[in-house]
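File shown: upload12.csv. Contents: CSV, C-alpha atoms and all ligand atoms.
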```csv
chain,number,residue,atom,x,y,z
I,1,MET,CA,-69.9,35.9,-39.9
I,2,ASN,CA,-68.1,38.5,-38.0
I,3,GLU,CA,-67.5,38.0,-34.2
I,4,ILE,CA,-64.3,40.0,-33.8
I,5,TRP,CA,-65.7,42.4,-31.2
I,6,SER,CA,-67.5,40.0,-29.1
I,7,LYS,CA,-64.7,37.4,-29.1
I,8,TYR,CA,-61.6,39.6,-28.9
I,9,VAL,CA,-62.5,43.1,-27.7
I,10,GLN,CA,-65.5,43.1,-25.3
I,11,GLY,CA,-67.6,40.1,-24.6
I,12,ILE,CA,-71.4,40.0,-24.7
I,13,GLN,CA,-71.9,40.0,-20.9
I,14,THR,CA,-69.4,42.9,-20.5
I,15,LEU,CA,-71.4,45.2,-22.8
I,16,TYR,CA,-74.9,43.9,-21.9
I,17,CYS,CA,-74.5,44.1,-18.1
I,18,SER,CA,-72.7,47.4,-18.0
I,19,ARG,CA,-75.2,49.1,-20.5
I,20,LYS,CA,-78.2,47.6,-18.7
I,21,ILE,CA,-77.0,49.7,-15.8
I,22,GLN,CA,-76.0,52.7,-17.8
I,23,PHE,CA,-79.4,52.8,-19.5
I,24,SER,CA,-81.5,51.6,-16.5
I,25,ASP,CA,-84.7,53.3,-15.6
I,26,TYR,CA,-82.8,55.0,-12.7
I,27,PHE,CA,-81.4,57.4,-15.3
I,28,ALA,CA,-84.3,57.5,-17.7
I,29,LYS,CA,-85.4,61.0,-16.8
I,30,GLN,CA,-81.9,62.4,-17.4
I,31,TYR,CA,-81.8,60.9,-20.9
I,32,GLN,CA,-85.4,61.8,-21.7
I,33,GLU,CA,-84.8,65.4,-20.8
I,34,LEU,CA,-81.6,65.6,-22.9
I,35,PHE,CA,-83.0,63.8,-25.9
I,36,ALA,CA,-86.2,65.8,-25.9
I,37,PHE,CA,-88.0,63.5,-28.3
I,38,ASP,CA,-91.8,63.8,-28.8
I,39,ALA,CA,-92.7,60.6,-27.0
I,40,ASP,CA,-96.2,60.5,-28.7
I,41,ALA,CA,-94.8,60.6,-32.2
I,42,PRO,CA,-94.2,57.5,-34.3
I,43,LEU,CA,-90.5,58.3,-34.6
I,44,LYS,CA,-88.1,56.2,-36.6
I,45,ILE,CA,-84.9,55.7,-34.6
I,46,LEU,CA,-81.7,54.1,-35.8
I,47,GLU,CA,-79.0,52.9,-33.3
I,48,SER,CA,-75.6,52.3,-35.0
I,49,GLY,CA,-73.2,49.8,-33.3
I,50,CYS,CA,-75.8,48.5,-30.9
I,51,GLY,CA,-73.7,45.7,-29.4
I,52,PRO,CA,-75.9,43.3,-27.5
I,53,GLY,CA,-78.8,45.7,-27.5
I,54,ALA,CA,-79.2,47.3,-24.1
I,55,LEU,CA,-79.6,50.9,-25.3
I,56,ALA,CA,-82.1,49.9,-28.0
I,57,GLY,CA,-84.1,48.1,-25.3
I,58,ALA,CA,-84.1,51.2,-23.2
I,59,LEU,CA,-85.2,53.4,-26.1
I,60,HIS,CA,-88.1,50.9,-26.7
I,61,ARG,CA,-89.1,51.2,-23.0
I,62,TRP,CA,-88.9,54.9,-22.9
I,63,TYR,CA,-90.5,55.6,-26.4
I,64,PRO,CA,-93.0,52.8,-27.0
I,65,ASN,CA,-94.5,54.6,-30.0
I,66,ALA,CA,-91.2,54.8,-31.8
I,67,SER,CA,-90.0,52.1,-34.2
I,68,ILE,CA,-86.4,51.2,-33.4
I,69,THR,CA,-83.8,49.7,-35.8
I,70,ALA,CA,-80.4,48.8,-34.4
I,71,ILE,CA,-77.4,47.6,-36.4
I,72,ASP,CA,-74.0,46.1,-35.6
I,73,ARG,CA,-71.6,44.1,-37.7
I,74,ASP,CA,-70.9,41.5,-34.9
I,75,SER,CA,-73.2,38.6,-35.5
I,76,ALA,CA,-73.0,37.2,-32.0
I,77,PHE,CA,-74.2,40.6,-30.6
I,78,ILE,CA,-77.1,40.7,-33.0
I,79,ALA,CA,-78.1,37.1,-32.3
I,80,PHE,CA,-78.0,37.8,-28.5
I,81,ALA,CA,-79.9,41.1,-28.9
I,82,LYS,CA,-82.7,39.5,-30.9
I,83,GLU,CA,-83.2,36.9,-28.2
I,84,HIS,CA,-83.1,39.4,-25.2
I,85,GLU,CA,-84.7,42.6,-26.4
I,86,LYS,CA,-88.1,42.4,-28.0
I,87,ASP,CA,-89.9,44.5,-30.6
I,88,ILE,CA,-86.7,46.0,-32.1
I,89,ASP,CA,-85.5,45.4,-35.6
I,90,PHE,CA,-81.9,44.2,-35.1
I,91,VAL,CA,-79.9,44.0,-38.3
I,92,GLU,CA,-76.4,42.7,-38.9
I,93,ALA,CA,-74.8,45.5,-41.0
I,94,ASP,CA,-71.8,47.8,-41.4
I,95,ILE,CA,-72.0,51.4,-40.3
I,96,ALA,CA,-69.9,52.3,-43.4
I,97,HIS,CA,-72.7,51.0,-45.7
I,98,LEU,CA,-76.0,51.4,-43.9
I,99,PRO,CA,-78.6,49.2,-45.7
I,100,PHE,CA,-81.2,52.0,-45.6
I,101,ASP,CA,-82.5,54.6,-48.1
I,102,ASP,CA,-81.6,58.3,-47.8
I,103,ASN,CA,-83.8,60.3,-45.5
I,104,THR,CA,-85.3,57.3,-43.6
I,105,PHE,CA,-84.8,58.1,-39.9
I,106,ASP,CA,-85.9,60.9,-37.6
I,107,ILE,CA,-83.1,60.2,-35.1
I,108,THR,CA,-79.8,58.3,-35.2
I,109,ILE,CA,-78.0,57.5,-32.0
I,110,SER,CA,-74.9,55.6,-31.0
I,111,ASN,CA,-73.0,54.9,-27.8
I,112,THR,CA,-69.2,54.6,-27.7
I,113,VAL,CA,-69.0,53.8,-31.5
I,114,SER,CA,-67.9,56.9,-33.4
I,115,GLU,CA,-64.4,56.6,-32.0
I,116,HIS,CA,-64.0,53.3,-34.0
I,117,VAL,CA,-65.1,54.4,-37.4
I,118,GLU,CA,-63.4,57.0,-39.7
I,119,PRO,CA,-65.4,60.2,-39.2
I,120,SER,CA,-66.2,61.1,-42.9
I,121,VAL,CA,-67.7,57.6,-43.2
I,122,PHE,CA,-69.5,57.6,-39.8
I,123,TYR,CA,-71.0,61.0,-40.1
I,124,GLY,CA,-71.5,60.7,-43.8
I,125,GLU,CA,-73.7,57.7,-43.4
I,126,GLN,CA,-75.6,59.1,-40.4
I,127,HIS,CA,-76.3,62.2,-42.4
I,128,ARG,CA,-77.5,60.3,-45.4
I,129,VAL,CA,-80.0,58.2,-43.7
I,130,LEU,CA,-81.4,61.0,-41.5
I,131,LYS,CA,-84.5,62.9,-42.7
I,132,SER,CA,-83.9,66.7,-43.3
I,133,ASP,CA,-84.0,68.3,-39.8
I,134,GLY,CA,-83.4,64.8,-38.3
I,135,LYS,CA,-81.4,64.6,-35.0
I,136,ILE,CA,-78.1,62.8,-34.4
I,137,ILE,CA,-77.1,61.8,-30.9
I,138,VAL,CA,-73.6,60.6,-30.1
I,139,LEU,CA,-72.9,59.3,-26.7
I,140,SER,CA,-69.4,58.6,-25.5
I,141,ASN,CA,-67.8,57.6,-22.2
I,142,ARG,CA,-65.4,60.3,-21.0
I,143,ARG,CA,-64.0,59.6,-17.5
I,144,THR,CA,-64.4,57.1,-14.7
I,145,ILE,CA,-63.6,57.9,-11.0
I,146,ALA,CA,-62.8,54.5,-9.5
I,147,SER,CA,-61.5,53.2,-6.3
I,148,GLN,CA,-61.6,49.5,-5.3
I,149,ALA,CA,-62.7,47.7,-2.2
I,150,ASP,CA,-59.8,45.7,-0.6
I,151,CYS,CA,-61.7,42.5,-1.2
I,152,LEU,CA,-61.6,43.2,-4.9
I,153,LYS,CA,-57.9,43.8,-5.1
I,154,GLU,CA,-56.0,41.5,-7.6
I,155,SER,CA,-54.1,38.6,-6.2
I,156,ASP,CA,-50.4,38.1,-7.3
I,157,TYR,CA,-51.7,35.3,-9.6
I,158,GLU,CA,-54.1,37.7,-11.3
I,159,GLN,CA,-51.5,40.4,-11.6
I,160,ALA,CA,-49.1,38.1,-13.3
I,161,PHE,CA,-51.8,36.8,-15.7
I,162,TRP,CA,-52.7,40.4,-16.8
I,163,GLU,CA,-49.0,41.5,-17.1
I,164,LYS,CA,-48.3,38.5,-19.3
I,165,ALA,CA,-51.4,39.3,-21.4
I,166,LYS,CA,-50.3,42.9,-21.8
I,167,ARG,CA,-47.0,41.9,-23.2
I,168,PHE,CA,-48.5,40.0,-26.0
I,169,ASP,CA,-51.8,41.8,-26.7
I,170,GLN,CA,-52.0,43.5,-30.0
I,171,ILE,CA,-55.8,43.5,-30.3
I,172,GLU,CA,-56.3,47.2,-30.1
I,173,ASN,CA,-53.8,47.9,-32.9
I,174,GLN,CA,-54.9,45.0,-35.0
I,175,TYR,CA,-58.6,46.0,-35.1
I,176,HIS,CA,-58.3,49.8,-35.0
I,177,ILE,CA,-60.0,50.0,-31.6
I,178,GLY,CA,-60.5,53.7,-30.6
I,179,GLU,CA,-58.4,54.8,-33.6
I,180,TYR,CA,-60.7,57.8,-34.3
I,181,ALA,CA,-61.2,58.9,-30.6
I,182,GLN,CA,-61.7,62.7,-30.3
I,183,ASP,CA,-61.6,64.9,-27.3
I,184,GLU,CA,-64.5,66.9,-26.0
I,185,ALA,CA,-63.6,70.0,-28.1
I,186,GLN,CA,-62.8,68.1,-31.3
I,187,LEU,CA,-66.0,66.0,-31.5
I,188,PRO,CA,-68.5,68.9,-31.9
I,189,LEU,CA,-66.3,70.5,-34.5
I,190,THR,CA,-66.1,67.2,-36.4
I,191,MET,CA,-69.9,66.9,-36.3
I,192,ALA,CA,-70.3,70.5,-37.7
I,193,GLN,CA,-67.7,69.7,-40.4
I,194,TYR,CA,-69.9,66.8,-41.7
I,195,GLY,CA,-73.2,68.8,-41.9
I,196,PHE,CA,-74.8,69.0,-38.5
I,197,GLY,CA,-75.8,72.2,-36.7
I,198,GLN,CA,-77.6,73.5,-33.6
I,199,LEU,CA,-75.1,71.4,-31.6
I,200,GLN,CA,-75.7,70.8,-27.9
I,201,ARG,CA,-73.1,69.2,-25.7
I,202,ASN,CA,-74.0,67.8,-22.2
I,203,TYR,CA,-72.4,65.6,-19.6
I,204,LEU,CA,-74.1,62.9,-17.5
I,205,LEU,CA,-72.6,61.7,-14.3
I,206,HIS,CA,-73.7,58.4,-13.0
I,207,ASP,CA,-72.6,57.2,-9.6
I,208,LEU,CA,-72.5,53.4,-9.9
I,209,SER,CA,-71.1,52.7,-6.4
I,210,ALA,CA,-72.9,49.6,-5.2
I,211,ASP,CA,-73.3,50.7,-1.6
I,212,ILE,CA,-75.7,53.5,-2.5
I,213,TYR,CA,-78.3,51.3,-4.3
I,214,PRO,CA,-81.0,48.9,-3.2
I,215,LYS,CA,-80.2,45.2,-3.7
I,216,GLU,CA,-81.2,44.5,-7.3
I,217,MET,CA,-79.2,47.4,-8.7
I,218,ALA,CA,-76.3,46.9,-6.3
I,219,LEU,CA,-75.9,43.3,-7.3
I,220,ALA,CA,-76.2,44.2,-11.0
I,221,ILE,CA,-73.3,46.6,-10.5
I,222,ILE,CA,-71.1,44.2,-8.7
I,223,ASN,CA,-71.9,41.4,-11.2
I,224,SER,CA,-71.3,43.6,-14.1
I,225,GLN,CA,-67.8,44.2,-12.9
I,226,ARG,CA,-67.4,40.4,-12.4
I,227,ALA,CA,-68.7,39.8,-16.0
I,228,CYS,CA,-66.2,42.2,-17.4
I,229,GLU,CA,-63.3,40.5,-15.7
I,230,LEU,CA,-64.5,37.0,-16.6
I,231,ASP,CA,-65.0,38.0,-20.3
I,232,ALA,CA,-61.5,39.5,-20.3
I,233,VAL,CA,-60.1,36.2,-19.3
I,234,ASP,CA,-62.0,34.5,-22.1
I,235,SER,CA,-60.9,37.0,-24.7
I,236,THR,CA,-57.3,36.6,-23.5
I,237,LEU,CA,-57.5,32.8,-23.8
I,238,VAL,CA,-59.0,33.0,-27.3
I,239,SER,CA,-56.7,35.7,-28.7
I,240,LEU,CA,-53.5,34.5,-27.0
I,241,SER,CA,-54.1,30.8,-26.9
I,242,GLU,CA,-50.4,30.0,-27.6
I,243,TYR,CA,-49.3,31.8,-24.4
I,244,PHE,CA,-52.0,30.6,-21.9
I,245,THR,CA,-53.3,27.2,-20.8
I,246,GLU,CA,-56.9,26.4,-20.1
I,247,ASP,CA,-55.9,25.7,-16.5
I,248,GLU,CA,-54.7,29.3,-16.1
I,249,GLY,CA,-58.1,30.4,-17.3
I,250,ILE,CA,-59.9,28.2,-14.8
I,251,GLN,CA,-57.7,29.4,-12.0
I,252,MET,CA,-58.3,33.0,-12.9
I,253,LYS,CA,-62.0,32.6,-13.1
I,254,ALA,CA,-62.1,30.9,-9.7
I,255,LEU,CA,-60.2,33.8,-8.1
I,256,ILE,CA,-62.4,36.4,-9.8
I,257,ASN,CA,-65.6,34.7,-8.7
I,258,GLN,CA,-64.2,34.4,-5.1
I,259,LYS,CA,-63.5,38.1,-5.0
I,260,TYR,CA,-66.9,39.1,-6.3
I,261,ASP,CA,-68.7,36.5,-4.1
I,262,GLN,CA,-67.0,38.2,-1.1
I,263,ARG,CA,-68.1,41.7,-2.4
I,264,VAL,CA,-71.7,40.5,-2.6
I,265,LYS,CA,-71.5,39.0,0.9
I,266,GLU,CA,-70.2,42.3,2.3
I,267,TYR,CA,-73.1,44.1,0.6
I,268,GLU,CA,-75.6,41.6,1.9
I,269,GLN,CA,-74.2,42.0,5.4
I,270,LYS,CA,-74.6,45.8,5.1
I,271,ASN,CA,-70.9,46.4,5.4
I,272,GLN,CA,-70.3,49.7,3.6
I,273,LEU,CA,-67.0,49.5,1.7
I,274,TRP,CA,-67.3,52.8,-0.1
I,275,ASP,CA,-65.7,51.4,-3.3
I,276,THR,CA,-66.5,53.9,-6.0
I,277,GLN,CA,-67.3,53.9,-9.7
I,278,VAL,CA,-68.5,57.2,-11.1
I,279,LYS,CA,-68.9,57.4,-14.8
I,280,ILE,CA,-69.1,60.6,-16.9
I,281,SER,CA,-70.4,60.4,-20.4
I,282,MET,CA,-70.9,63.0,-23.0
I,283,VAL,CA,-74.1,63.4,-25.0
I,284,LEU,CA,-73.6,65.4,-28.2
I,285,ILE,CA,-76.8,66.3,-30.1
I,286,GLY,CA,-77.0,67.9,-33.6
I,287,LYS,CA,-79.5,68.5,-36.3
I,288,LYS,CA,-79.0,67.6,-40.0
I,289,LEU,CA,-78.5,70.8,-41.9
M,1,LIG,C1,-67.7,49.9,-27.7
M,1,LIG,S1,-68.8,48.8,-28.5
M,1,LIG,C2,-70.3,49.6,-28.1
M,1,LIG,C3,-71.5,48.7,-28.3
M,1,LIG,C4,-72.8,49.4,-27.8
M,1,LIG,N1,-73.1,50.6,-28.4
M,1,LIG,C5,-72.8,49.5,-26.3
M,1,LIG,O1,-72.7,50.7,-25.8
M,1,LIG,O2,-72.8,48.5,-25.6
M,1,LIG,C6,-68.6,49.3,-30.2
M,1,LIG,C7,-69.6,48.6,-31.1
M,1,LIG,O3,-69.5,49.1,-32.4
M,1,LIG,C8,-69.5,48.0,-33.4
M,1,LIG,N2,-68.9,48.4,-34.6
M,1,LIG,C9,-67.6,48.9,-34.7
M,1,LIG,N3,-67.4,49.2,-36.0
M,1,LIG,C10,-68.5,48.9,-36.7
M,1,LIG,C11,-68.9,49.0,-38.1
M,1,LIG,N4,-68.1,49.5,-39.0
M,1,LIG,N5,-70.1,48.6,-38.4
M,1,LIG,C12,-71.0,48.1,-37.5
M,1,LIG,N6,-70.7,48.0,-36.2
M,1,LIG,C13,-69.5,48.4,-35.8
M,1,LIG,C14,-68.8,46.8,-32.7
M,1,LIG,O4,-69.2,45.6,-33.2
M,1,LIG,C15,-69.3,47.1,-31.2
M,1,LIG,O5,-70.5,46.4,-31.0
```

Once you've parsed the file, please lay out its structure as structure tokens.
Amino acid sequence: MNEIWSKYVQGIQTLYCSRKIQFSDYFAKQYQELFAFDADAPLKILESGCGPGALAGALHRWYPNASITAIDRDSAFIAFAKEHEKDIDFVEADIAHLPFDDNTFDITISNTVSEHVEPSVFYGEQHRVLKSDGKIIVLSNRRTIASQADCLKESDYEQAFWEKAKRFDQIENQYHIGEYAQDEAQLPLTMAQYGFGQLQRNYLLHDLSADIYPKEMALAIINSQRACELDAVDSTLVSLSEYFTEDEGIQMKALINQKYDQRVKEYEQKNQLWDTQVKISMVLIGKKL
């Protein structure tokens, strides 16, 4: 039973809420144009490092004729995904040892995963399970342009909490998070090195500023940021339990909820705050040679 990522790195709600937005139908056309899959074909698609399953769910909506398998080694993510995203084969497995035969899939896809796995292992396994001529798609987050509304600014109490957490946090080093991150020039070269050609590199820009959306999406955006902060408190309490008390966690969560309740109120009262969250992601596509 491996729950390292969901417990210590990014919680279920952090990943599920943010990816539900990133892969919402608002952006379906952008992805569909880039992916250029034959939507009528019975494609076999593998998602590696699927987390709680939002991208797999979007692929199922956008390509109902495809059969989708999604793997992750975090058992809590897989259990959650099975419960929340239907008609997808979610499997608990390691990217370094994919439990599939050679030449099985038409497409392999991943989002913000390749930076955590040694490249010869990551691309070697993707290459092995792809059919000849199969397509690999690697998505990664590149930049965020962000500016906060005043009502979301951290209180002194929150600042002190995060500063203390930073002093003791060793999680990123301990679990090799982002150890194999590559820049926009390196990544295509690496993909070519491990047997992929006809590379295409594209960027997607998503403006996730709450003010510009109708209510359902705006609240999803605000509450996704809330979930991310609440999850970060939980991970801190679990990983640094010797330095934090439960009461500190309770106080933090109350302050966070207060801020986001206020942000929701401002939205509902139609007060434009112009707080901004623009995300740029890279979509790298290659063919197995
Ligand atoms: C940044 S998260 C991204 C999750 C998901 N793709 C998303 O966008 O929400 C990285 C994911 O890769 C998974 N992961 C990292 N190394 C892995 C490995 N060797 N085998 C399987 N999963 C792995 C983690 O458990 C985590 O779910």

Interface rows for region 86-197 of chain I against region 208-222 of chain I: nearest pair, Å to one decimal, 12 Å, all atoms listed in the file, as a tab-separated table:
```
residue	atom	partner	partner_atom	distance
I:Thr144	CA	I:Leu208	CA	10.1
I:Ile145	CA	I:Leu208	CA	10.0
I:Ala146	CA	I:Ser209	CA	9.0
I:Ser147	CA	I:Ser209	CA	9.6
I:Gln148	CA	I:Ser209	CA	10.1
I:Ala149	CA	I:Ser209	CA	10.6
I:Leu152	CA	I:Ile222	CA	10.3
```

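We find CA of His206 (chain I) and CA of Lys259 (chain I) to be spaced 24.1 Å apart.
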
If we draw a sphere of 10 Å around (-80.4, 55.5, -11.6), which residues have at least one atom in it when counting all atoms listed in the file? Please report them as a PyMOL selection string. chain I and resi 21-30+206-208+213+217

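Nearest to Gln174 (chain I) of all the residues I:Ser6, I:Gln258, I:Thr245, I:Ser239 is I:Ser239, counting all atoms listed in the file.
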
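Of the residues listed (I:Ser155, I:Gln198, I:Thr276, I:Ser281), I:Ser155 shows the shortest atom-to-atom separation from Ala254 (chain I); distances use all atoms listed in the file.
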
Contacts to ligand LIG 1 (chain M) at 7 Å cut-off (all atoms listed in the file) as a ChimeraX atom specification: /I:5,15-16,19,48-55,71-74,77,93-96,110-113,116-117

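Interatomic distance, CA of Ala181 (chain I) against CA of Thr104 (chain I): 27.4 Å.
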
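Comparing I:Asn257, I:Ser67, I:Thr236, I:Gln13 by their smallest distance to Phe80 (chain I), the closest is I:Gln13 (using all atoms listed in the file).
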
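Comparing the minimum interatomic distances between Leu46 (chain I) and each of I:Ile250, I:Ala58, I:Ile109, I:Ile88, counting all atoms listed in the file, we find that I:Ile109 sits nearest.
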
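Taking only C-alpha atoms into account, Ser75 (chain I) lies nearest to I:Ile12 out of the set I:Val233, I:Ile12, I:Val121, I:Leu59.
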
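Closest approach to Gly178 (chain I) from the set I:Ser235, I:Ser114, I:Asn141, I:Asn202 is made by I:Ser114, with distances taken over all atoms listed in the file.
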